[in-house]
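Take a look at the structure set out below.
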Amino acid sequence: MKNTVLRWYDSDVAYSFRRSPVAIAAALVALVCLLCAAFAGWVAPHNPLDLSTLELSDARLPPVWLDDGSWKYPLGTDDQGRDILSAVIYGSRISLVVGLVSVLLSVVLGVALGLVAGFRGGWVDGLLMRLCDVMLSFPAILIALLIAGVGRAVFPQAPESLAFGVLILSIALSGWVQYARTVRGATMVERGKEYVQAARVTGVAPLAIMHRHVLPNVLGPVMVLATIQVATAIITEATLSFLGVGAPPTSPSLGTLIRVGNDYLFSGEWWITIFPGVMLVLIALSVNLLGDWLRDALNPKLRG
């Protein structure tokens, strides 16, 4: 274990990370957001999901540095008396879970189909690529909106767990195409190389060749794309929740909080929507910056 850590520390990727202040700052911001979301029950001063603790008399209180503000609610409260700071922390947990799980599903589906299309070729490749063309002809948010809307119509009384499942599935099905096309192109390059031909001659099964030999050599671009797509998936979840077809209203995701605060934005209660929006920007920006750094670190031609 110690030798593995030392080898990673001496690698080109680790050296590139240590030399990039932007990557370090983005990693710190992303790590803080991730830890706050993971340990929301210990970090948040209140539990916004516990309705018994809400006090309607504390609704729409301003942040602590404004008149009538209170240290009990450092960033103010929303229209139900929920602490904005606590709601943002819990909301970031929902947004991060939905974003990470949906990207994981997209990666699994896209990589599997891309490997098959690139390795088999022929009508299989043609069919899968035409399916990708059809998916790319529609905006990703429109596909996710359609799937989420149909899921809610089919299961109108669905529990929250099923509602989150439909939301994750809708985002995943709108994002697998990029992985499939990327892996397909890399696989077509790898399948003509000598090590693949040698494996075929020795009688290795095609599935084993794809899994053991081709897959490890096409994961570099997938890692970069997945890192960037996490931010896209989080923004897509926030957009769907803002439109009312994402997270359930009782679960304070960042998109739901922004939608609720938007009703009070022009009446002076700006903090209800601004602080969830700032958290969403911080998460998306830090993840995107990490993705840009990882792309440069894995491609020697892009290093300065």
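All residue names refer to the structure tokens as shown: chains lettered A, B, ... in order, residues numbered from 1 in each chain, ligands numbered from 1 in order.
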
Strand (DSSP E or B) residues, from DSSP on the backbone, in range 61-284 of chain A, as a PyMOL selection string
chain A and resi 70+73+77+83

Residue neighbourhood Phe39 in chain A, 9 Å, only C-alpha atoms, exclusion window fewer than 5 positions, as a VMD selection string:
chain A and resid 34 44 93

Saved selection, atoms kept: N, CA and C atoms, as a short mmCIF file (atom, residue, chain, number, x, y, z; two decimals), in the first residue's frame:
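The resulting again-v1.cif:
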data_model
loop_
_atom_site.label_atom_id
_atom_site.label_comp_id
_atom_site.auth_asym_id
_atom_site.auth_seq_id
_atom_site.Cartn_x
_atom_site.Cartn_y
_atom_site.Cartn_z
N LEU A 34 -18.23 18.02 -0.76
CA LEU A 34 -18.52 16.59 -0.65
C LEU A 34 -18.59 16.15 0.81
N ALA A 44 -24.68 20.35 9.46
CA ALA A 44 -25.79 21.31 9.39
C ALA A 44 -26.30 21.64 10.80
N ARG A 93 -26.24 17.44 -0.87
CA ARG A 93 -26.10 15.98 -0.78
C ARG A 93 -26.99 15.29 -1.81
#

All residues 7 Å or closer to range 247-263 of chain A, only C-alpha atoms, same chain fewer than 3 positions away omitted, as a PyMOL selection string:
chain A and resi 87-88+90-92+94-95+160+164+238-239+241-242+272-273+276-277+280

For the residues in the current selection, export C-alpha atoms as a PDB file, in the first residue's frame.
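File produced: selection-v6.pdb:
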ATOM      1  CA  ALA A  87     -31.150  23.301   3.518  1.00  0.00           C
ATOM      2  CA  VAL A  88     -28.220  24.080   1.213  1.00  0.00           C
ATOM      3  CA  TYR A  90     -28.758  18.771   2.665  1.00  0.00           C
ATOM      4  CA  GLY A  91     -29.663  19.912  -0.839  1.00  0.00           C
ATOM      5  CA  SER A  92     -26.086  19.568  -2.049  1.00  0.00           C
ATOM      6  CA  ILE A  94     -29.151  15.165  -2.916  1.00  0.00           C
ATOM      7  CA  SER A  95     -27.677  16.906  -5.959  1.00  0.00           C
ATOM      8  CA  GLU A 160     -39.580   9.278  -2.876  1.00  0.00           C
ATOM      9  CA  PHE A 164     -35.289   9.627  -7.254  1.00  0.00           C
ATOM     10  CA  ALA A 238     -31.187  21.272 -10.619  1.00  0.00           C
ATOM     11  CA  THR A 239     -32.918  22.263 -13.869  1.00  0.00           C
ATOM     12  CA  SER A 241     -36.111  20.193  -9.988  1.00  0.00           C
ATOM     13  CA  PHE A 242     -36.532  23.870 -10.846  1.00  0.00           C
ATOM     14  CA  ILE A 272     -33.678  32.130  -0.380  1.00  0.00           C
ATOM     15  CA  THR A 273     -32.517  31.628  -3.978  1.00  0.00           C
ATOM     16  CA  PRO A 276     -28.484  27.671  -3.163  1.00  0.00           C
ATOM     17  CA  GLY A 277     -27.460  29.154  -6.509  1.00  0.00           C
ATOM     18  CA  LEU A 280     -24.616  25.032  -7.254  1.00  0.00           C
TER      19      LEU A 280
END

Give me the residues near Leu285 in chain A as a VMD selection string, where near means some atom within 10 Å (using only C-alpha atoms) and where sequence neighbours in that chain fewer than 4 positions away do not count.
chain A and resid 26 29 to 30 228 231 279 to 281 289 to 291

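Counting only C-alpha atoms, the residue from A:Tyr195, A:Tyr73, A:Phe17, A:Trp123 that sits nearest to Ser86 in chain A is A:Tyr73.
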
For Val196 in chain A, please output as a PyMOL selection string all residues within 12 Å (counting only C-alpha atoms; exclusion window: fewer than 5 positions along the same chain).
chain A and resi 119+187-191+201-215+217

Could you check which of A:Ala27, A:Leu298, A:Val183, A:Leu51 is closest to Leu113 in chain A, using only C-alpha atoms?
A:Val183

Identify, on the basis of only C-alpha atoms, every residue whose closest approach to Leu169 in chain A does not exceed 12 Å; exclude the query and any residue fewer than 2 positions from it along the same chain; express the result as a ChimeraX atom specification.
/A:98-106,109,143-151,162-167,171-176,233,237,246

Given the selection you just returned, output its residues as a file containing N, CA and C atoms, formatted as a tab-separated table (two decimals), in the first residue's frame.
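Written out: part-v1.tsv:
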chain	number	residue	atom	x	y	z
A	98	VAL	N	-27.43	12.29	-6.83
A	98	VAL	CA	-28.08	12.12	-8.13
A	98	VAL	C	-27.07	12.28	-9.27
A	99	GLY	N	-26.20	13.28	-9.19
A	99	GLY	CA	-25.21	13.50	-10.23
A	99	GLY	C	-24.22	12.36	-10.36
A	100	LEU	N	-23.68	11.89	-9.24
A	100	LEU	CA	-22.67	10.83	-9.28
A	100	LEU	C	-23.26	9.50	-9.74
A	101	VAL	N	-24.42	9.14	-9.22
A	101	VAL	CA	-25.03	7.85	-9.59
A	101	VAL	C	-25.46	7.86	-11.05
A	102	SER	N	-26.04	8.96	-11.52
A	102	SER	CA	-26.47	9.02	-12.92
A	102	SER	C	-25.28	8.96	-13.87
A	103	VAL	N	-24.18	9.61	-13.52
A	103	VAL	CA	-22.98	9.54	-14.36
A	103	VAL	C	-22.40	8.12	-14.35
A	104	LEU	N	-22.43	7.47	-13.19
A	104	LEU	CA	-21.94	6.08	-13.13
A	104	LEU	C	-22.75	5.17	-14.04
A	105	LEU	N	-24.07	5.32	-14.02
A	105	LEU	CA	-24.91	4.51	-14.91
A	105	LEU	C	-24.64	4.84	-16.38
A	106	SER	N	-24.46	6.12	-16.68
A	106	SER	CA	-24.15	6.52	-18.06
A	106	SER	C	-22.83	5.92	-18.52
A	109	LEU	N	-23.28	2.05	-19.14
A	109	LEU	CA	-24.03	1.78	-20.37
A	109	LEU	C	-23.26	2.24	-21.60
A	143	ILE	N	-34.55	15.27	-23.31
A	143	ILE	CA	-34.69	13.83	-23.11
A	143	ILE	C	-34.93	13.52	-21.64
A	144	ALA	N	-34.14	14.15	-20.77
A	144	ALA	CA	-34.32	13.92	-19.33
A	144	ALA	C	-35.69	14.41	-18.87
A	145	LEU	N	-36.13	15.55	-19.40
A	145	LEU	CA	-37.44	16.10	-19.03
A	145	LEU	C	-38.56	15.17	-19.48
A	146	LEU	N	-38.42	14.61	-20.68
A	146	LEU	CA	-39.43	13.70	-21.20
A	146	LEU	C	-39.51	12.42	-20.37
A	147	ILE	N	-38.35	11.83	-20.07
A	147	ILE	CA	-38.33	10.58	-19.30
A	147	ILE	C	-38.86	10.81	-17.89
A	148	ALA	N	-38.42	11.91	-17.26
A	148	ALA	CA	-38.88	12.21	-15.91
A	148	ALA	C	-40.39	12.48	-15.89
A	149	GLY	N	-40.89	13.20	-16.91
A	149	GLY	CA	-42.33	13.48	-16.97
A	149	GLY	C	-43.15	12.22	-17.17
A	150	VAL	N	-42.69	11.34	-18.07
A	150	VAL	CA	-43.40	10.08	-18.30
A	150	VAL	C	-43.38	9.22	-17.04
A	151	GLY	N	-42.23	9.17	-16.36
A	151	GLY	CA	-42.14	8.39	-15.13
A	151	GLY	C	-43.10	8.88	-14.06
A	162	LEU	N	-38.56	5.86	-5.41
A	162	LEU	CA	-38.83	5.60	-6.83
A	162	LEU	C	-38.73	6.89	-7.64
A	163	ALA	N	-39.15	8.01	-7.05
A	163	ALA	CA	-39.05	9.29	-7.74
A	163	ALA	C	-37.58	9.63	-8.02
A	164	PHE	N	-36.72	9.39	-7.04
A	164	PHE	CA	-35.29	9.63	-7.25
A	164	PHE	C	-34.73	8.66	-8.29
A	165	GLY	N	-35.22	7.42	-8.29
A	165	GLY	CA	-34.78	6.45	-9.28
A	165	GLY	C	-35.12	6.90	-10.69
A	166	VAL	N	-36.33	7.40	-10.89
A	166	VAL	CA	-36.73	7.91	-12.20
A	166	VAL	C	-35.87	9.11	-12.59
A	167	LEU	N	-35.59	9.98	-11.64
A	167	LEU	CA	-34.75	11.15	-11.91
A	167	LEU	C	-33.35	10.74	-12.34
A	171	ILE	N	-31.56	11.18	-16.24
A	171	ILE	CA	-30.29	11.86	-16.51
A	171	ILE	C	-29.28	10.90	-17.14
A	172	ALA	N	-29.27	9.64	-16.65
A	172	ALA	CA	-28.32	8.66	-17.18
A	172	ALA	C	-28.60	8.34	-18.64
A	173	LEU	N	-29.88	8.19	-18.99
A	173	LEU	CA	-30.22	7.84	-20.37
A	173	LEU	C	-29.99	8.99	-21.34
A	174	SER	N	-29.86	10.20	-20.82
A	174	SER	CA	-29.58	11.34	-21.70
A	174	SER	C	-28.09	11.61	-21.84
A	175	GLY	N	-27.24	10.87	-21.10
A	175	GLY	CA	-25.81	11.17	-21.12
A	175	GLY	C	-24.89	10.06	-21.57
A	176	TRP	N	-25.44	8.85	-21.89
A	176	TRP	CA	-24.57	7.73	-22.22
A	176	TRP	C	-23.97	7.83	-23.62
A	233	ALA	N	-24.48	16.74	-14.97
A	233	ALA	CA	-25.59	15.99	-14.38
A	233	ALA	C	-26.18	16.72	-13.19
A	237	GLU	N	-29.99	17.99	-12.97
A	237	GLU	CA	-30.89	17.69	-11.84
A	237	GLU	C	-31.50	18.96	-11.28
A	246	GLY	N	-38.20	17.13	-11.00
A	246	GLY	CA	-36.97	16.50	-10.49
A	246	GLY	C	-37.19	15.88	-9.13

Residues of range 134-259 of chain A in helix (DSSP H, G or I) according to DSSP, as number ranges by chain?
A: 134-136, 140-154, 160-173, 176-190, 194-201, 206-242, 254-259

Using only C-alpha atoms, the shortest atom-to-atom distance to Val64 in chain A among A:Ile84, A:Ala37, A:Leu115, A:Val177 belongs to A:Ile84

Of the candidates A:Val43, A:Leu136, A:Met129, A:Cys33, which shows the shortest atom-to-atom distance to Ala284 in chain A, using only C-alpha atoms?
A:Cys33

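Restricting the calculation to only C-alpha atoms, the smallest distance between Asp78 in chain A and any of A:Gly192, A:Trp65, A:Ser57, A:Leu282 is found for A:Ser57.
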
The distance between CA of Ile89 in chain A and CA of Ile168 in chain A is 19.9 Å

Taken to one decimal, the CA of Asp133 in chain A-CA of Gly185 in chain A distance is 14.7 Å

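Shortest separation to Pro221 in chain A among A:Leu294, A:Ala112, A:Leu56, A:Ile283 occurs at residue A:Leu294, atoms counted being only C-alpha atoms.
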